[in-house]
$ cat upload_19.cif   # mmCIF, C-alpha atoms (C1' of nucleotides)
data_run
#
loop_
_atom_site.label_atom_id
_atom_site.label_comp_id
_atom_site.auth_asym_id
_atom_site.auth_seq_id
_atom_site.Cartn_x
_atom_site.Cartn_y
_atom_site.Cartn_z
CA MET A 210 0.00 0.00 0.00
CA LEU A 211 1.40 3.36 -1.07
CA SER A 212 1.64 6.36 1.25
CA THR A 213 -0.18 9.51 0.18
CA ASN A 214 3.20 11.02 -0.66
CA ASP A 215 4.05 8.11 -2.97
CA LYS A 216 0.58 8.07 -4.51
CA ILE A 217 0.93 11.74 -5.43
CA LYS A 218 4.32 11.12 -7.03
CA TYR A 219 3.03 8.04 -8.87
CA VAL A 220 0.02 9.86 -10.35
CA ALA A 221 1.98 13.04 -11.06
CA PHE A 222 4.72 11.10 -12.86
CA LYS A 223 2.15 9.45 -15.12
CA LEU A 224 0.47 12.77 -15.95
CA PHE A 225 3.71 14.75 -16.34
CA LEU A 226 4.84 12.05 -18.80
CA GLU A 227 1.61 11.79 -20.81
CA LYS A 228 0.20 15.32 -20.71
CA GLY A 229 3.29 17.35 -19.93
CA TYR A 230 4.09 19.70 -17.06
CA GLU A 231 2.00 22.69 -18.15
CA ALA A 232 -1.06 20.70 -19.17
CA THR A 233 -1.11 18.76 -15.90
CA ASN A 234 -2.91 20.57 -13.11
CA ILE A 235 -2.90 20.04 -9.38
CA ARG A 236 -6.65 19.41 -9.29
CA GLU A 237 -6.37 16.47 -11.69
CA ILE A 238 -3.51 14.91 -9.76
CA CYS A 239 -5.50 15.26 -6.53
CA ARG A 240 -8.68 13.88 -8.09
CA GLU A 241 -6.85 10.72 -9.14
CA VAL A 242 -5.10 10.39 -5.78
CA GLY A 243 -8.32 11.04 -3.88
CA ILE A 244 -7.31 14.11 -1.87
CA LYS A 245 -8.03 17.84 -2.02
CA PRO A 246 -5.45 20.25 -3.52
CA SER A 247 -4.71 21.80 -0.14
CA SER A 248 -3.57 18.38 1.09
CA LEU A 249 -1.04 18.09 -1.70
CA TYR A 250 0.55 21.32 -0.51
CA PHE A 251 1.16 19.68 2.83
CA TYR A 252 3.62 17.30 1.08
CA PHE A 253 5.00 19.53 -1.67
CA LYS A 254 5.37 23.27 -1.39
CA SER A 255 4.73 23.84 -5.12
CA LYS A 256 4.09 22.16 -8.45
CA GLN A 257 7.74 22.74 -9.32
CA GLU A 258 8.97 21.02 -6.18
CA LEU A 259 6.74 18.04 -6.95
CA PHE A 260 8.17 17.86 -10.46
CA PHE A 261 11.80 18.06 -9.34
CA ARG A 262 11.32 15.41 -6.65
CA ILE A 263 10.00 13.08 -9.34
CA TYR A 264 12.77 14.02 -11.78
CA ASP A 265 15.47 13.32 -9.20
CA GLU A 266 13.91 10.00 -8.23
CA VAL A 267 13.85 8.85 -11.86
CA TRP A 268 17.59 9.49 -12.11
CA GLU A 269 18.30 8.08 -8.64
CA ASP A 270 16.58 4.86 -9.65
CA LYS A 271 18.69 4.55 -12.78
CA ILE A 272 22.00 5.31 -11.05
CA ARG A 273 21.15 2.96 -8.17
CA PHE A 274 20.40 0.23 -10.70
CA ILE A 275 23.75 0.73 -12.44
CA GLU A 276 25.61 0.70 -9.12
CA SER A 277 23.87 -2.53 -8.16
CA ILE A 278 25.09 -4.51 -11.19
CA GLU A 279 27.08 -7.29 -9.54
CA ASP A 280 29.29 -8.06 -12.54
CA LEU A 281 30.75 -4.56 -12.48
CA LYS A 282 32.17 -5.22 -9.02
CA GLN A 283 33.77 -8.56 -9.92
CA ASP A 284 37.27 -9.11 -11.31
CA ILE A 285 36.27 -9.22 -14.97
CA PRO A 286 38.02 -7.62 -17.98
CA PRO A 287 36.88 -3.98 -18.30
CA ASP A 288 35.77 -4.39 -21.93
CA ILE A 289 33.40 -7.16 -20.84
CA LYS A 290 32.18 -4.82 -18.11
CA LEU A 291 31.40 -2.12 -20.69
CA TYR A 292 29.33 -4.65 -22.61
CA THR A 293 27.58 -5.83 -19.43
CA LEU A 294 26.76 -2.24 -18.54
CA PHE A 295 25.26 -1.57 -21.98
CA LYS A 296 23.29 -4.82 -21.90
CA SER A 297 22.03 -4.13 -18.37
CA ILE A 298 20.92 -0.58 -19.18
CA ILE A 299 19.00 -1.74 -22.26
CA GLU A 300 17.34 -4.48 -20.22
CA TYR A 301 16.53 -1.97 -17.46
CA CYS A 302 14.88 0.29 -20.04
CA SER A 303 13.05 -2.61 -21.71
CA LYS A 304 11.39 -3.53 -18.43
CA ASP A 305 9.83 -0.06 -18.18
CA ILE A 306 10.55 2.53 -20.84
CA SER A 307 8.35 5.21 -19.25
CA LYS A 308 11.12 6.62 -17.02
CA GLN A 309 13.41 7.12 -20.01
CA LYS A 310 10.59 8.64 -22.03
CA PHE A 311 10.02 11.06 -19.15
CA LEU A 312 13.70 12.09 -19.22
CA LEU A 313 13.69 12.45 -23.02
CA ARG A 314 10.56 14.61 -22.89
CA TYR A 315 11.98 17.07 -20.39
CA HIS A 316 15.50 17.18 -21.82
CA LEU A 317 14.28 17.75 -25.38
CA PHE A 318 11.30 20.01 -24.58
CA THR A 319 11.97 21.71 -21.24
CA PRO A 320 9.25 24.01 -19.88
CA LYS A 321 10.68 27.50 -19.53
CA GLU A 322 9.98 27.84 -15.82
CA LEU A 323 11.94 24.62 -15.12
CA MET A 324 14.82 25.40 -17.49
CA ASN A 325 17.52 26.69 -15.13
CA ALA A 326 17.01 24.22 -12.30
CA LEU A 327 16.64 21.31 -14.72
CA ARG A 328 19.88 22.13 -16.53
CA ASP A 329 21.82 22.02 -13.27
CA LYS A 330 20.20 18.78 -12.17
CA PHE A 331 20.84 17.22 -15.57
CA LYS A 332 24.54 18.14 -15.37
CA TYR A 333 24.78 16.61 -11.91
CA TRP A 334 23.25 13.25 -12.93
CA ILE A 335 25.06 12.99 -16.27
CA TYR A 336 28.32 13.62 -14.44
CA LYS A 337 27.57 10.69 -12.12
CA GLU A 338 26.72 8.38 -15.02
CA ASP A 339 29.70 9.45 -17.12
CA ASN A 340 32.11 8.84 -14.23
CA ILE A 341 31.08 5.20 -13.98
CA ILE A 342 31.74 4.76 -17.70
CA ALA A 343 34.98 6.77 -17.57
CA ASP A 344 36.42 4.45 -14.90
CA LEU A 345 35.85 1.42 -17.12
CA VAL A 346 37.25 3.19 -20.19
CA LYS A 347 40.37 4.20 -18.24
CA GLU A 348 40.93 0.60 -17.21
CA CYS A 349 40.61 -0.48 -20.86
CA MET A 350 43.23 2.07 -21.86
CA ASP A 351 45.58 1.12 -19.01
CA ARG A 352 45.46 -2.51 -20.06
CA ARG A 353 45.88 -1.46 -23.73
CA ILE A 354 42.58 -3.10 -24.72
CA ILE A 355 41.68 0.11 -26.56
CA GLY A 356 44.04 2.66 -28.10
CA SER A 357 45.28 5.77 -26.29
CA GLY A 358 45.10 8.02 -29.34
CA ARG A 359 41.79 9.43 -28.11
CA THR A 360 40.86 10.93 -24.75
CA VAL A 361 38.77 9.14 -22.14
CA ALA A 362 36.09 11.80 -22.62
CA ASP A 363 35.90 10.98 -26.34
CA TYR A 364 35.32 7.32 -25.64
CA VAL A 365 32.72 8.11 -22.95
CA LYS A 366 30.89 10.41 -25.36
CA ASP A 367 30.73 7.70 -28.02
CA TYR A 368 29.55 5.15 -25.49
CA THR A 369 26.75 7.27 -24.01
CA ARG A 370 25.72 8.44 -27.47
CA PHE A 371 25.45 4.87 -28.65
CA THR A 372 23.55 3.74 -25.56
CA ASN A 373 21.19 6.71 -25.54
CA PHE A 374 20.44 6.18 -29.17
CA GLN A 375 19.25 2.64 -28.59
CA ILE A 376 17.02 4.00 -25.81
CA VAL A 377 15.56 6.68 -28.08
CA GLU A 378 14.93 4.04 -30.74
CA MET A 379 13.02 1.97 -28.18
CA ILE A 380 10.95 5.00 -27.16
CA ILE A 381 10.07 6.10 -30.67
CA SER A 382 9.55 2.68 -32.27
CA ASN A 383 7.94 1.34 -29.12
CA ILE A 384 9.75 -1.98 -29.49
CA LYS A 385 12.11 -3.91 -27.25
CA ILE A 386 15.60 -5.00 -28.23
CA SER A 387 16.27 -8.75 -27.96
CA SER A 388 19.37 -10.27 -26.34
CA ARG A 389 20.62 -11.26 -29.75
CA GLU A 390 20.18 -7.72 -31.09
CA ILE A 391 21.90 -6.26 -28.02
CA HIS A 392 24.89 -8.47 -28.71
CA ASP A 393 25.00 -7.70 -32.44
CA LEU A 394 24.65 -3.97 -31.88
CA TRP A 395 27.44 -4.03 -29.32
CA THR A 396 29.83 -6.01 -31.53
CA LYS A 397 29.31 -3.59 -34.42
CA PHE A 398 29.76 -0.59 -32.14
CA TRP A 399 32.82 -1.93 -30.33
CA ASN A 400 34.62 -2.93 -33.53
CA SER A 401 34.01 0.31 -35.36
CA ASN A 402 34.46 2.80 -32.51
CA PHE A 403 36.70 1.39 -29.82
CA LEU A 404 39.10 -1.11 -31.35
CA ASN A 405 42.20 -0.09 -33.33
CA GLN A 406 42.03 3.60 -32.63
CA MET B 139 7.23 42.02 -45.57
CA LEU B 140 4.99 39.45 -43.97
CA SER B 141 1.21 39.79 -43.83
CA THR B 142 -0.39 39.80 -40.39
CA ASN B 143 -1.62 36.26 -41.09
CA ASP B 144 1.91 35.06 -41.86
CA LYS B 145 3.38 36.95 -38.90
CA ILE B 146 0.96 35.18 -36.56
CA LYS B 147 1.86 31.78 -37.99
CA TYR B 148 5.57 32.57 -37.84
CA VAL B 149 5.48 33.64 -34.18
CA ALA B 150 3.07 30.84 -33.18
CA PHE B 151 5.24 28.20 -34.85
CA LYS B 152 8.27 29.37 -32.90
CA LEU B 153 6.39 29.36 -29.59
CA PHE B 154 4.57 26.06 -30.22
CA LEU B 155 7.97 24.52 -30.96
CA GLU B 156 9.87 25.99 -28.01
CA LYS B 157 7.23 26.24 -25.28
CA GLY B 158 4.68 23.71 -26.46
CA TYR B 159 1.00 24.09 -27.30
CA GLU B 160 -0.39 24.32 -23.76
CA ALA B 161 2.28 26.69 -22.45
CA THR B 162 1.88 29.06 -25.38
CA ASN B 163 -0.93 31.56 -24.93
CA ILE B 164 -2.70 33.78 -27.38
CA ARG B 165 -1.73 36.93 -25.50
CA GLU B 166 1.98 36.15 -25.89
CA ILE B 167 1.68 35.40 -29.60
CA CYS B 168 -0.18 38.69 -30.10
CA ARG B 169 2.31 40.67 -28.03
CA GLU B 170 5.19 39.47 -30.27
CA VAL B 171 3.19 40.06 -33.46
CA GLY B 172 2.08 43.49 -32.29
CA ILE B 173 -1.69 43.03 -32.40
CA LYS B 174 -4.47 42.56 -29.85
CA PRO B 175 -5.92 39.08 -29.17
CA SER B 176 -9.24 39.97 -30.76
CA SER B 177 -7.42 40.64 -34.04
CA LEU B 178 -5.94 37.16 -34.06
CA TYR B 179 -9.46 35.75 -33.92
CA PHE B 180 -10.22 37.57 -37.16
CA TYR B 181 -7.69 35.26 -38.91
CA PHE B 182 -8.06 32.06 -36.89
CA LYS B 183 -11.24 30.97 -35.23
CA SER B 184 -9.42 29.22 -32.35
CA LYS B 185 -6.03 28.29 -30.93
CA GLN B 186 -6.54 24.78 -32.31
CA GLU B 187 -7.22 26.03 -35.83
CA LEU B 188 -4.06 28.13 -35.68
CA PHE B 189 -2.07 25.08 -34.60
CA PHE B 190 -3.46 22.80 -37.30
CA ARG B 191 -2.89 25.37 -40.04
CA ILE B 192 0.76 25.51 -38.98
CA TYR B 193 1.02 21.72 -38.70
CA ASP B 194 -0.36 21.23 -42.21
CA GLU B 195 1.94 23.87 -43.66
CA VAL B 196 4.99 22.18 -42.16
CA TRP B 197 4.04 18.93 -43.89
CA GLU B 198 3.01 20.71 -47.10
CA ASP B 199 6.42 22.33 -47.27
CA LYS B 200 8.18 18.98 -46.88
CA ILE B 201 6.04 17.17 -49.47
CA ARG B 202 6.34 20.07 -51.92
CA PHE B 203 10.11 19.94 -51.50
CA ILE B 204 10.20 16.21 -52.22
CA GLU B 205 7.99 16.63 -55.28
CA SER B 206 10.26 19.38 -56.57
CA ILE B 207 13.42 17.24 -56.65
CA GLU B 208 14.35 17.33 -60.33
CA ASP B 209 16.37 14.08 -60.34
CA LEU B 210 13.30 12.06 -59.33
CA LYS B 211 11.58 13.09 -62.57
CA GLN B 212 14.52 12.22 -64.83
CA ASP B 213 15.21 8.84 -66.42
CA ILE B 214 17.59 7.57 -63.75
CA PRO B 215 17.79 4.06 -62.19
CA PRO B 216 15.27 3.83 -59.29
CA ASP B 217 17.90 2.76 -56.75
CA ILE B 218 19.83 5.93 -57.50
CA LYS B 219 16.57 7.84 -57.06
CA LEU B 220 16.07 6.30 -53.60
CA TYR B 221 19.54 7.49 -52.64
CA THR B 222 18.90 10.96 -54.09
CA LEU B 223 15.64 11.16 -52.13
CA PHE B 224 17.40 10.23 -48.88
CA LYS B 225 20.23 12.66 -49.52
CA SER B 226 17.80 15.46 -50.44
CA ILE B 227 15.66 14.95 -47.34
CA ILE B 228 18.69 15.02 -45.05
CA GLU B 229 19.94 18.18 -46.74
CA TYR B 230 16.46 19.72 -46.48
CA CYS B 231 16.45 18.99 -42.74
CA SER B 232 20.02 20.23 -42.29
CA LYS B 233 19.08 23.61 -43.70
CA ASP B 234 16.41 24.08 -41.01
CA ILE B 235 15.83 21.35 -38.46
CA SER B 236 13.10 23.26 -36.58
CA LYS B 237 10.24 21.98 -38.75
CA GLN B 238 11.22 18.38 -38.12
CA LYS B 239 11.66 19.07 -34.41
CA PHE B 240 8.14 20.50 -34.41
CA LEU B 241 6.78 17.30 -35.99
CA LEU B 242 8.73 15.09 -33.58
CA ARG B 243 7.45 17.05 -30.59
CA TYR B 244 3.79 16.70 -31.53
CA HIS B 245 3.99 13.11 -32.74
CA LEU B 246 5.82 11.93 -29.64
CA PHE B 247 4.05 14.10 -27.06
CA THR B 248 0.64 15.02 -28.46
CA PRO B 249 -1.57 17.33 -26.35
CA LYS B 250 -4.77 15.47 -25.50
CA GLU B 251 -7.11 18.03 -27.05
CA LEU B 252 -5.27 17.73 -30.40
CA MET B 253 -4.96 13.95 -30.32
CA ASN B 254 -7.81 12.81 -32.60
CA ALA B 255 -7.44 15.43 -35.29
CA LEU B 256 -3.66 15.13 -35.27
CA ARG B 257 -3.74 11.36 -35.70
CA ASP B 258 -5.89 11.72 -38.83
CA LYS B 259 -3.72 14.44 -40.28
CA PHE B 260 -0.58 12.43 -39.56
CA LYS B 261 -2.01 9.40 -41.39
CA TYR B 262 -2.87 11.58 -44.39
CA TRP B 263 0.61 13.06 -44.73
CA ILE B 264 2.51 9.85 -44.02
CA TYR B 265 0.40 8.15 -46.70
CA LYS B 266 1.49 10.81 -49.19
CA GLU B 267 5.16 10.45 -48.29
CA ASP B 268 5.05 6.65 -48.29
CA ASN B 269 3.47 6.57 -51.74
CA ILE B 270 6.37 8.45 -53.26
CA ILE B 271 8.79 5.95 -51.77
CA ALA B 272 6.60 2.96 -52.69
CA ASP B 273 6.65 3.96 -56.37
CA LEU B 274 10.45 3.92 -56.40
CA VAL B 275 10.61 0.62 -54.49
CA LYS B 276 8.17 -0.98 -56.95
CA GLU B 277 10.34 0.11 -59.86
CA CYS B 278 13.37 -1.43 -58.14
CA MET B 279 11.51 -4.72 -57.73
CA ASP B 280 10.22 -4.70 -61.32
CA ARG B 281 13.73 -4.25 -62.63
CA ARG B 282 15.00 -6.92 -60.19
CA ILE B 283 17.39 -4.48 -58.53
CA ILE B 284 16.09 -5.64 -55.16
CA GLY B 285 14.57 -9.04 -54.28
CA SER B 286 10.86 -9.77 -54.37
CA GLY B 287 10.88 -11.93 -51.25
CA ARG B 288 9.57 -9.01 -49.21
CA THR B 289 6.57 -6.75 -49.77
CA VAL B 290 6.80 -3.18 -51.01
CA ALA B 291 5.39 -2.06 -47.66
CA ASP B 292 8.26 -3.80 -45.82
CA TYR B 293 10.86 -2.00 -47.91
CA VAL B 294 9.07 1.33 -47.47
CA LYS B 295 8.93 0.81 -43.71
CA ASP B 296 12.68 0.12 -43.56
CA TYR B 297 13.41 3.14 -45.71
CA THR B 298 11.32 5.63 -43.72
CA ARG B 299 12.56 4.19 -40.45
CA PHE B 300 16.16 4.64 -41.58
CA THR B 301 15.55 8.17 -42.84
CA ASN B 302 13.58 9.24 -39.78
CA PHE B 303 16.30 7.99 -37.47
CA GLN B 304 18.90 10.15 -39.13
CA ILE B 305 16.55 13.09 -38.63
CA VAL B 306 15.99 12.25 -34.96
CA GLU B 307 19.75 11.95 -34.47
CA MET B 308 20.18 15.41 -35.98
CA ILE B 309 17.51 16.82 -33.66
CA ILE B 310 18.85 15.23 -30.50
CA SER B 311 22.57 15.61 -31.14
CA ASN B 312 22.06 19.01 -32.74
CA ILE B 313 24.63 18.24 -35.44
CA LYS B 314 24.46 18.17 -39.22
CA ILE B 315 25.33 15.15 -41.36
CA SER B 316 28.04 15.76 -43.99
CA SER B 317 27.78 14.63 -47.62
CA ARG B 318 30.39 11.98 -46.94
CA GLU B 319 28.43 10.65 -43.95
CA ILE B 320 25.19 10.66 -45.94
CA HIS B 321 26.87 8.49 -48.56
CA ASP B 322 28.43 6.09 -46.05
CA LEU B 323 25.19 5.71 -44.09
CA TRP B 324 23.31 5.01 -47.28
CA THR B 325 25.78 2.39 -48.54
CA LYS B 326 25.64 0.55 -45.21
CA PHE B 327 21.84 0.70 -45.15
CA TRP B 328 21.36 -0.33 -48.76
CA ASN B 329 23.72 -3.29 -48.56
CA SER B 330 22.33 -4.68 -45.33
CA ASN B 331 18.60 -4.06 -45.89
CA PHE B 332 17.79 -3.93 -49.56
CA LEU B 333 20.28 -6.02 -51.51
CA ASN B 334 20.16 -9.84 -51.63
CA GLN B 335 16.84 -10.28 -49.90
"C1'" DG C 169 -3.05 15.15 7.82
"C1'" DT C 170 -7.10 16.42 5.52
"C1'" DC C 171 -10.73 19.39 4.87
"C1'" DT C 172 -13.72 23.95 3.19
"C1'" DA C 173 -13.43 28.25 1.33
"C1'" DT C 174 -11.33 31.55 -1.25
"C1'" DA C 175 -7.81 34.74 -2.90
"C1'" DA C 176 -5.47 36.48 -7.05
"C1'" DG C 177 -4.49 36.01 -11.41
"C1'" DA C 178 -4.08 33.96 -16.23
"C1'" DG C 179 -6.39 31.56 -19.83
"C1'" DG C 180 -9.43 31.33 -24.39
"C1'" DA C 181 -12.82 33.61 -26.58
"C1'" DT C 182 -16.55 37.25 -27.89
"C1'" DA C 183 -19.35 41.83 -28.54
"C1'" DG C 184 -19.42 45.74 -30.67
"C1'" DA C 185 -17.20 50.44 -31.78
"C1'" DC C 186 -14.34 52.58 -35.34
"C1'" DG D 95 -8.86 44.79 -40.01
"C1'" DT D 96 -7.89 46.37 -35.57
"C1'" DC D 97 -9.28 48.13 -31.41
"C1'" DT D 98 -11.37 48.44 -26.13
"C1'" DA D 99 -13.75 46.13 -22.81
"C1'" DT D 100 -15.27 42.15 -20.78
"C1'" DC D 101 -17.14 37.28 -19.91
"C1'" DC D 102 -16.36 33.10 -17.84
"C1'" DT D 103 -13.58 29.43 -16.70
"C1'" DC D 104 -9.53 27.40 -14.95
"C1'" DT D 105 -5.14 27.88 -12.51
"C1'" DT D 106 -1.76 27.76 -8.43
"C1'" DA D 107 -1.63 28.54 -3.92
"C1'" DT D 108 -3.04 29.94 0.99
"C1'" DA D 109 -5.84 30.66 5.50
"C1'" DG D 110 -7.68 28.52 8.98
"C1'" DA D 111 -11.10 24.93 10.97
"C1'" DC D 112 -11.18 20.09 12.51
#
$ encode --input "upload_19.cif" --output "structure tokens"
Amino acid sequence: MLSTNDKIKYVAFKLFLEKGYEATNIREICREVGIKPSSLYFYFKSKQELFFRIYDEVWEDKIRFIESIEDLKQDIPPDIKLYTLFKSIIEYCSKDISKQKFLLRYHLFTPKELMNALRDKFKYWIYKEDNIIADLVKECMDRRIIGSGRTVADYVKDYTRFTNFQIVEMIISNIKISSREIHDLWTKFWNSNFLNQ
Amino acid sequence: MLSTNDKIKYVAFKLFLEKGYEATNIREICREVGIKPSSLYFYFKSKQELFFRIYDEVWEDKIRFIESIEDLKQDIPPDIKLYTLFKSIIEYCSKDISKQKFLLRYHLFTPKELMNALRDKFKYWIYKEDNIIADLVKECMDRRIIGSGRTVADYVKDYTRFTNFQIVEMIISNIKISSREIHDLWTKFWNSNFLNQ
DNA sequence: GTCTATAAGAGGATAGAC
DNA sequence: GTCTATCCTCTTATAGAC
């Protein structure tokens, strides 16, 4: 059973995703939750605060998932770890694409009144995600698995670009990527972008 | 010098793209145009009508561009025409990506009150675009340039999917695709999806 | 914690003068 | 064609009772 606080966030997330921030109003959220608007303001001091709490939790969930991947903590070659990370993220998104669609919506079409705060938050979370990837890339370079002619940042950029693109494809086409496809996509990507450079 | 009608559409397009339909209000459009709200209602009977007129014009512009490509009317092999069409569309989008970003926004995150009408309009325009591609695909099959093991519709789907994804990549990454890249992308796509099937 | 009641303003749209 | 003035509804948010 969800607490009132969680119910509000659950309903608001759904409406912010489907209808967008501006078109979603407090009354509708409250109607679906089964409370009066004044009660919502007991939990969240404004519509903006409600939105940002949800936004942060979407990212928190993703980062926590990545940090919980057991294989990344084991003594495994770092290139295998990069593949495992990619595969895990795609599987995480396949299970429930709505969180990624939410992020895409607000990164691509940010409401003006959320712009400044959202840009800072985005930077913060991307930095966290990039650092995890950068550590693995560094290890690959140290062990000479990939060339040192490019910077770590370049490799990280290619990796996140590749991963994000698969996510966007899943959102737009509304299809899931099979294990076989994940493997094929990775092989193509790894051979053309990371090896022999 | 733009007419008042065109000025309204120009300003409204910009705001509908950047702020979204719900967050854009008539008063703001009128302020930027330099008229009073009641004057806008002389040209457009509602906010929805204004939006749909803009939406249709964005598609009209794209279809008119495609129909104006001289090479598609010449006596050239149909596979070369398919490449020319792809190349032309990417160049058309490179010149001004905002129209495609507008379409992506409203196809991916459609305001509820526009949903039904927009779905019908979308079907109408996609049908037009697909027919142009289907004609070229049919010619390729007739001349045995591509295999007949798949339906025309399958080929068309692959083609539009491929093209649209390059457009989405341009929108999200905010970069343009060079002539060289257009050619390489096409070769890869053609060899893996159209030949020997 | 949840309610009723309401403030204060912004929204789309219209009537009718010029 | 463009204006002034205004209608009516919806919006976020708050005050204060229980």
$ atom_distance --input "upload_19.cif" --atom1 "CA of Asn214 in chain A" --atom2 "CA of Cys302 in chain A"
25.0 Å
$ resolve_selection --input "upload_19.cif" --expression "the PyMOL selection byres ((chain D) within 9 of (chain B))" --output "PDB file with C-alpha atoms (C1' of nucleotides), in the coordinates of the input"
ATOM      1  C1'  DG D  95      -8.860  44.790 -40.010  1.00  0.00           C
ATOM      2  C1'  DT D  96      -7.890  46.370 -35.570  1.00  0.00           C
ATOM      3  C1'  DC D  97      -9.280  48.130 -31.410  1.00  0.00           C
TER       4       DC D  97
END
$ resolve_selection --input "upload_19.cif" --expression "the PyMOL selection byres ((chain C and resi 179) around 8)" --output "list in words"
Asn163 of chain B; DA178 and DG180 of chain C; DC104 of chain D
$ closest_residue --input "upload_19.cif" --among "A:Ser388, A:Ile272, A:Phe311, A:Lys304" --to "Ala221 in chain A" --atoms "all atoms listed in the file"
A:Phe311
$ residues_around --input "upload_19.cif" --residues "DC112 in chain D" --least-positions-apart "2" --cutoff "12 Å" --atoms "all atoms listed in the file" --output "ChimeraX atom specification"
/C:169-172 /D:110
$ write_last_selection --input "upload_19.cif" --atoms "C-alpha atoms (C1' of nucleotides)" --output "PDB file, in the coordinates of the input"
ATOM      1  C1'  DG C 169      -3.050  15.150   7.820  1.00  0.00           C
ATOM      2  C1'  DT C 170      -7.100  16.420   5.520  1.00  0.00           C
ATOM      3  C1'  DC C 171     -10.730  19.390   4.870  1.00  0.00           C
ATOM      4  C1'  DT C 172     -13.720  23.950   3.190  1.00  0.00           C
TER       5       DT C 172
ATOM      6  C1'  DG D 110      -7.680  28.520   8.980  1.00  0.00           C
TER       7       DG D 110
END
$ atom_distance --input "upload_19.cif" --atom1 "CA of Asp199 in chain B" --atom2 "CA of Asp213 in chain B"
25.0 Å
$ atom_distance --input "upload_19.cif" --atom1 "CA of Ser236 in chain B" --atom2 "CA of Lys152 in chain B"
8.6 Å
$ residues_around --input "upload_19.cif" --residues "Ala343 in chain A" --least-positions-apart "5" --cutoff "8 Å" --atoms "all atoms listed in the file" --output "compact mmCIF listing (two decimals) with C-alpha atoms, in the coordinates of the input"
# COMPACT_ATOMS: atom_id res chain seq x y z
CA VAL A 361 38.77 9.14 -22.14
CA ALA A 362 36.09 11.80 -22.62
CA VAL A 365 32.72 8.11 -22.95
$ interface_residues --input "upload_19.cif" --of "chain B" --to "chain A" --cutoff "8 Å" --atoms "all atoms listed in the file" --output "list in words"
Glu156, Lys157, Gly158, Glu160, Ala161, Arg243, Leu246, Phe247, Thr248, Pro249, Lys250, Phe303, Glu307 and Ile310 of chain B
$ resolve_selection --input "upload_19.cif" --expression "the PyMOL selection byres ((chain A and resi 331-334) around 12)" --output "ChimeraX atom specification"
/A:261,264-273,312-313,315-317,319,323-330,335-341
$ axis_aligned_box --input "upload_19.cif" --around "range 369-387 of chain A" --padding-each-side "8 Å" --output "AutoDock Vina command-line options"
--center_x 17.3 --center_y -0.2 --center_z -28.1 --size_x 34.8 --size_y 33.2 --size_z 24.3
$ residues_near_point --input "upload_19.cif" --point "(16.8, 9.6, -57.3)" --cutoff "12 Å" --atoms "all atoms listed in the file" --output "ChimeraX atom specification"
/B:204-227,270-271,273-275,277-278
